[in-house]
>>> print(open('model-v1.pdb').read())   # PDB, C-alpha atoms and all ligand atoms
ATOM      1  CA  MET U1367      24.738   1.005  12.123  1.00  0.00           C
ATOM      2  CA  GLN U1368      25.652  -1.464  14.837  1.00  0.00           C
ATOM      3  CA  CYS U1369      26.165  -5.115  13.947  1.00  0.00           C
ATOM      4  CA  ASP U1370      23.223  -6.221  16.166  1.00  0.00           C
ATOM      5  CA  ASN U1371      20.902  -3.879  14.298  1.00  0.00           C
ATOM      6  CA  LEU U1372      22.093  -5.226  10.953  1.00  0.00           C
ATOM      7  CA  VAL U1373      21.443  -8.831  12.053  1.00  0.00           C
ATOM      8  CA  LEU U1374      17.931  -7.878  13.205  1.00  0.00           C
ATOM      9  CA  LEU U1375      17.289  -6.107   9.908  1.00  0.00           C
ATOM     10  CA  VAL U1376      18.400  -9.135   7.867  1.00  0.00           C
ATOM     11  CA  ARG U1377      16.255 -11.488   9.986  1.00  0.00           C
ATOM     12  CA  ARG U1378      13.252  -9.219   9.608  1.00  0.00           C
ATOM     13  CA  ASP U1379      13.702  -9.136   5.823  1.00  0.00           C
ATOM     14  CA  ASP U1380      13.944 -12.931   5.829  1.00  0.00           C
ATOM     15  CA  ILE U1381      10.675 -13.275   7.766  1.00  0.00           C
ATOM     16  CA  LEU U1382       9.079 -10.633   5.571  1.00  0.00           C
ATOM     17  CA  GLN U1383      10.164 -12.516   2.442  1.00  0.00           C
ATOM     18  CA  LYS U1384       8.594 -15.746   3.751  1.00  0.00           C
ATOM     19  CA  CYS U1385       5.332 -13.935   4.530  1.00  0.00           C
ATOM     20  CA  PHE U1386       5.418 -12.297   1.100  1.00  0.00           C
ATOM     21  CA  ALA U1387       5.864 -15.730  -0.545  1.00  0.00           C
ATOM     22  CA  ILE U1388       2.764 -17.064   1.258  1.00  0.00           C
ATOM     23  CA  PHE U1389       0.601 -14.291  -0.193  1.00  0.00           C
ATOM     24  CA  ASP U1390       2.215 -14.368  -3.645  1.00  0.00           C
ATOM     25  CA  GLU U1391       0.146 -17.396  -4.548  1.00  0.00           C
ATOM     26  CA  ASP U1392       1.142 -17.659  -8.241  1.00  0.00           C
ATOM     27  CA  LYS U1393       4.819 -16.895  -7.394  1.00  0.00           C
ATOM     28  CA  ASP U1394       5.256 -14.131  -9.971  1.00  0.00           C
ATOM     29  CA  GLY U1395       6.950 -11.851  -7.424  1.00  0.00           C
ATOM     30  CA  LEU U1396       3.911  -9.588  -7.035  1.00  0.00           C
ATOM     31  CA  ILE U1397       0.898  -9.777  -4.736  1.00  0.00           C
ATOM     32  CA  SER U1398      -2.278  -9.164  -6.735  1.00  0.00           C
ATOM     33  CA  GLU U1399      -5.932  -9.012  -5.702  1.00  0.00           C
ATOM     34  CA  GLN U1400      -6.358 -12.483  -7.186  1.00  0.00           C
ATOM     35  CA  ASP U1401      -3.462 -13.819  -5.077  1.00  0.00           C
ATOM     36  CA  LEU U1402      -5.122 -12.509  -1.907  1.00  0.00           C
ATOM     37  CA  ILE U1403      -8.511 -13.909  -2.918  1.00  0.00           C
ATOM     38  CA  ASN U1404      -6.958 -17.332  -3.671  1.00  0.00           C
ATOM     39  CA  VAL U1405      -4.998 -17.422  -0.397  1.00  0.00           C
ATOM     40  CA  THR U1406      -8.001 -16.448   1.737  1.00  0.00           C
ATOM     41  CA  ASN U1407     -10.118 -19.069  -0.079  1.00  0.00           C
ATOM     42  CA  GLN U1408      -7.465 -21.741   0.507  1.00  0.00           C
ATOM     43  CA  LYS U1409      -7.254 -20.886   4.202  1.00  0.00           C
ATOM     44  CA  GLY U1410     -11.038 -20.972   4.480  1.00  0.00           C
ATOM     45  CA  LEU U1411     -11.101 -17.302   5.464  1.00  0.00           C
ATOM     46  CA  GLN U1412     -13.880 -14.958   4.583  1.00  0.00           C
ATOM     47  CA  ASN U1413     -12.740 -12.528   1.905  1.00  0.00           C
ATOM     48  CA  ASP U1414     -14.244  -9.204   1.157  1.00  0.00           C
ATOM     49  CA  THR U1415     -13.239  -7.972  -2.321  1.00  0.00           C
ATOM     50  CA  PRO U1416     -13.563  -4.219  -1.509  1.00  0.00           C
ATOM     51  CA  ASP U1417     -11.343  -4.753   1.561  1.00  0.00           C
ATOM     52  CA  ILE U1418      -8.754  -6.604  -0.520  1.00  0.00           C
ATOM     53  CA  HIS U1419      -8.863  -3.857  -3.156  1.00  0.00           C
ATOM     54  CA  ARG U1420      -8.352  -1.191  -0.473  1.00  0.00           C
ATOM     55  CA  MET U1421      -5.446  -3.145   1.015  1.00  0.00           C
ATOM     56  CA  ILE U1422      -3.717  -3.301  -2.385  1.00  0.00           C
ATOM     57  CA  LEU U1423      -4.268   0.446  -2.958  1.00  0.00           C
ATOM     58  CA  GLU U1424      -2.830   1.297   0.481  1.00  0.00           C
ATOM     59  CA  HIS U1425       0.456  -0.492  -0.222  1.00  0.00           C
ATOM     60  CA  ASP U1426       0.769   0.029  -3.981  1.00  0.00           C
ATOM     61  CA  SER U1427       3.089   3.026  -4.124  1.00  0.00           C
ATOM     62  CA  ASN U1428       3.982   2.737  -7.848  1.00  0.00           C
ATOM     63  CA  GLY U1429       0.333   2.368  -8.914  1.00  0.00           C
ATOM     64  CA  ASP U1430       0.656  -0.873 -10.926  1.00  0.00           C
ATOM     65  CA  GLY U1431      -2.243  -2.474  -9.024  1.00  0.00           C
ATOM     66  CA  LYS U1432      -0.002  -5.051  -7.378  1.00  0.00           C
ATOM     67  CA  ILE U1433       2.287  -5.123  -4.354  1.00  0.00           C
ATOM     68  CA  ASP U1434       5.950  -5.957  -4.865  1.00  0.00           C
ATOM     69  CA  PHE U1435       8.397  -6.942  -2.132  1.00  0.00           C
ATOM     70  CA  GLN U1436      10.022  -3.516  -2.077  1.00  0.00           C
ATOM     71  CA  GLU U1437       6.673  -1.818  -1.395  1.00  0.00           C
ATOM     72  CA  VAL U1438       6.019  -4.140   1.568  1.00  0.00           C
ATOM     73  CA  SER U1439       9.576  -3.759   2.817  1.00  0.00           C
ATOM     74  CA  ILE U1440       9.540   0.067   2.667  1.00  0.00           C
ATOM     75  CA  GLU U1441       6.145   0.151   4.400  1.00  0.00           C
ATOM     76  CA  CYS U1442       7.427  -2.079   7.227  1.00  0.00           C
ATOM     77  CA  ARG U1443      10.553   0.027   7.664  1.00  0.00           C
ATOM     78  CA  LEU U1444       8.503   3.229   7.859  1.00  0.00           C
ATOM     79  CA  ARG U1445       6.167   1.672  10.433  1.00  0.00           C
ATOM     80  CA  HIS U1446       9.128   0.329  12.432  1.00  0.00           C
ATOM     81  CA  THR U1447      10.745   3.788  12.422  1.00  0.00           C
ATOM     82  CA  ALA U1448       7.454   5.430  13.481  1.00  0.00           C
ATOM     83  CA  LEU U1449       7.046   2.907  16.322  1.00  0.00           C
ATOM     84  CA  ALA U1450      10.667   3.388  17.424  1.00  0.00           C
ATOM     85  CA  ARG U1451      10.100   7.154  17.593  1.00  0.00           C
ATOM     86  CA  LYS U1452       6.988   6.718  19.755  1.00  0.00           C
ATOM     87  CA  SER U1453       8.731   4.534  22.335  1.00  0.00           C
TER      88      SER U1453
HETATM   89 CA    CA R   1       1.432 -13.059  -7.578  1.00  0.00          CA
HETATM   90 CA    CA R   2       3.002  -1.796  -6.955  1.00  0.00          CA
END
>>> encode(input="model-v1.pdb", output="structure tokens")
Amino acid sequence: MQCDNLVLLVRRDDILQKCFAIFDEDKDGLISEQDLINVTNQKGLQNDTPDIHRMILEHDSNGDGKIDFQEVSIECRLRHTALARKS
């Protein structure tokens, strides 16, 4: 891996971690349905519980009903790789 790529990867993880922290409302290291409901309420956004539930299910690869940082990180890497292949 080239040094430039490594720097980009570290920066992306840093941004990802900050985004993760915004959604992890109770700061327990996991994003739960309740976290997402609380955050959308705080931001004055309309929240749709079935949509939030579906979002959790889509990203929850270990089936614990919550999203951890690794699950988000892996998902982003897979999407980035898929996008890179398309271009
Ligand atoms: Ca949480
Ligand atoms: Ca999980």
>>> atom_distance(input="model-v1.pdb", atom1="CA of Arg1420 in chain U", atom2="CA of Arg1451 in chain U")
27.1 Å
>>> atom_distance(input="model-v1.pdb", atom1="CA of Phe1435 in chain U", atom2="CA of Phe1389 in chain U")
10.9 Å
>>> resolve_selection(input="model-v1.pdb", expression="the PyMOL selection byres (((chain U and resi 1396) around 7) and not hetatm)", output="list in words")
Asp1390, Asp1394, Gly1395, Ile1397, Ser1398, Lys1432, Ile1433 and Asp1434 of chain U
>>> write_last_selection(input="model-v1.pdb", atoms="C-alpha atoms", output="mmCIF file, in the frame of the given file")
data_model
loop_
_atom_site.group_PDB
_atom_site.id
_atom_site.type_symbol
_atom_site.label_atom_id
_atom_site.label_comp_id
_atom_site.auth_asym_id
_atom_site.auth_seq_id
_atom_site.Cartn_x
_atom_site.Cartn_y
_atom_site.Cartn_z
ATOM 1 C CA ASP U 1390 2.215 -14.368 -3.645
ATOM 2 C CA ASP U 1394 5.256 -14.131 -9.971
ATOM 3 C CA GLY U 1395 6.950 -11.851 -7.424
ATOM 4 C CA ILE U 1397 0.898 -9.777 -4.736
ATOM 5 C CA SER U 1398 -2.278 -9.164 -6.735
ATOM 6 C CA LYS U 1432 -0.002 -5.051 -7.378
ATOM 7 C CA ILE U 1433 2.287 -5.123 -4.354
ATOM 8 C CA ASP U 1434 5.950 -5.957 -4.865
#
>>> atom_distance(input="model-v1.pdb", atom1="CA of Leu1423 in chain U", atom2="CA of Val1438 in chain U")
12.1 Å
>>> closest_residue(input="model-v1.pdb", among="U:Asp1370, U:Asp1417, U:Asp1430, U:Asp1401", to="ligand CA 1 (chain R)", atoms="all atoms listed in the file")
U:Asp1401
>>> closest_residue(input="model-v1.pdb", among="U:Ile1381, U:Asn1371, U:Lys1393, U:Gln1408", to="ligand CA 1 (chain R)", atoms="only C-alpha atoms and all ligand atoms")
U:Lys1393
>>> closest_residue(input="model-v1.pdb", among="U:Gly1429, U:Val1373, U:Ala1448, U:Val1405", to="Ala1387 in chain U", atoms="all atoms listed in the file")
U:Val1405
>>> resolve_selection(input="model-v1.pdb", expression="the PyMOL selection byres (((chain U and resi 1378-1380) around 12) and not hetatm)", output="ChimeraX atom specification")
/U:1371-1377,1381-1387,1435-1436,1438-1440,1442-1443,1446
>>> resolve_selection(input="model-v1.pdb", expression="the PyMOL selection byres (((chain U and resi 1399) around 9) and not hetatm)", output="PyMOL selection string")
chain U and resi 1397-1398+1400-1404+1415+1418-1419+1421-1422+1431-1432
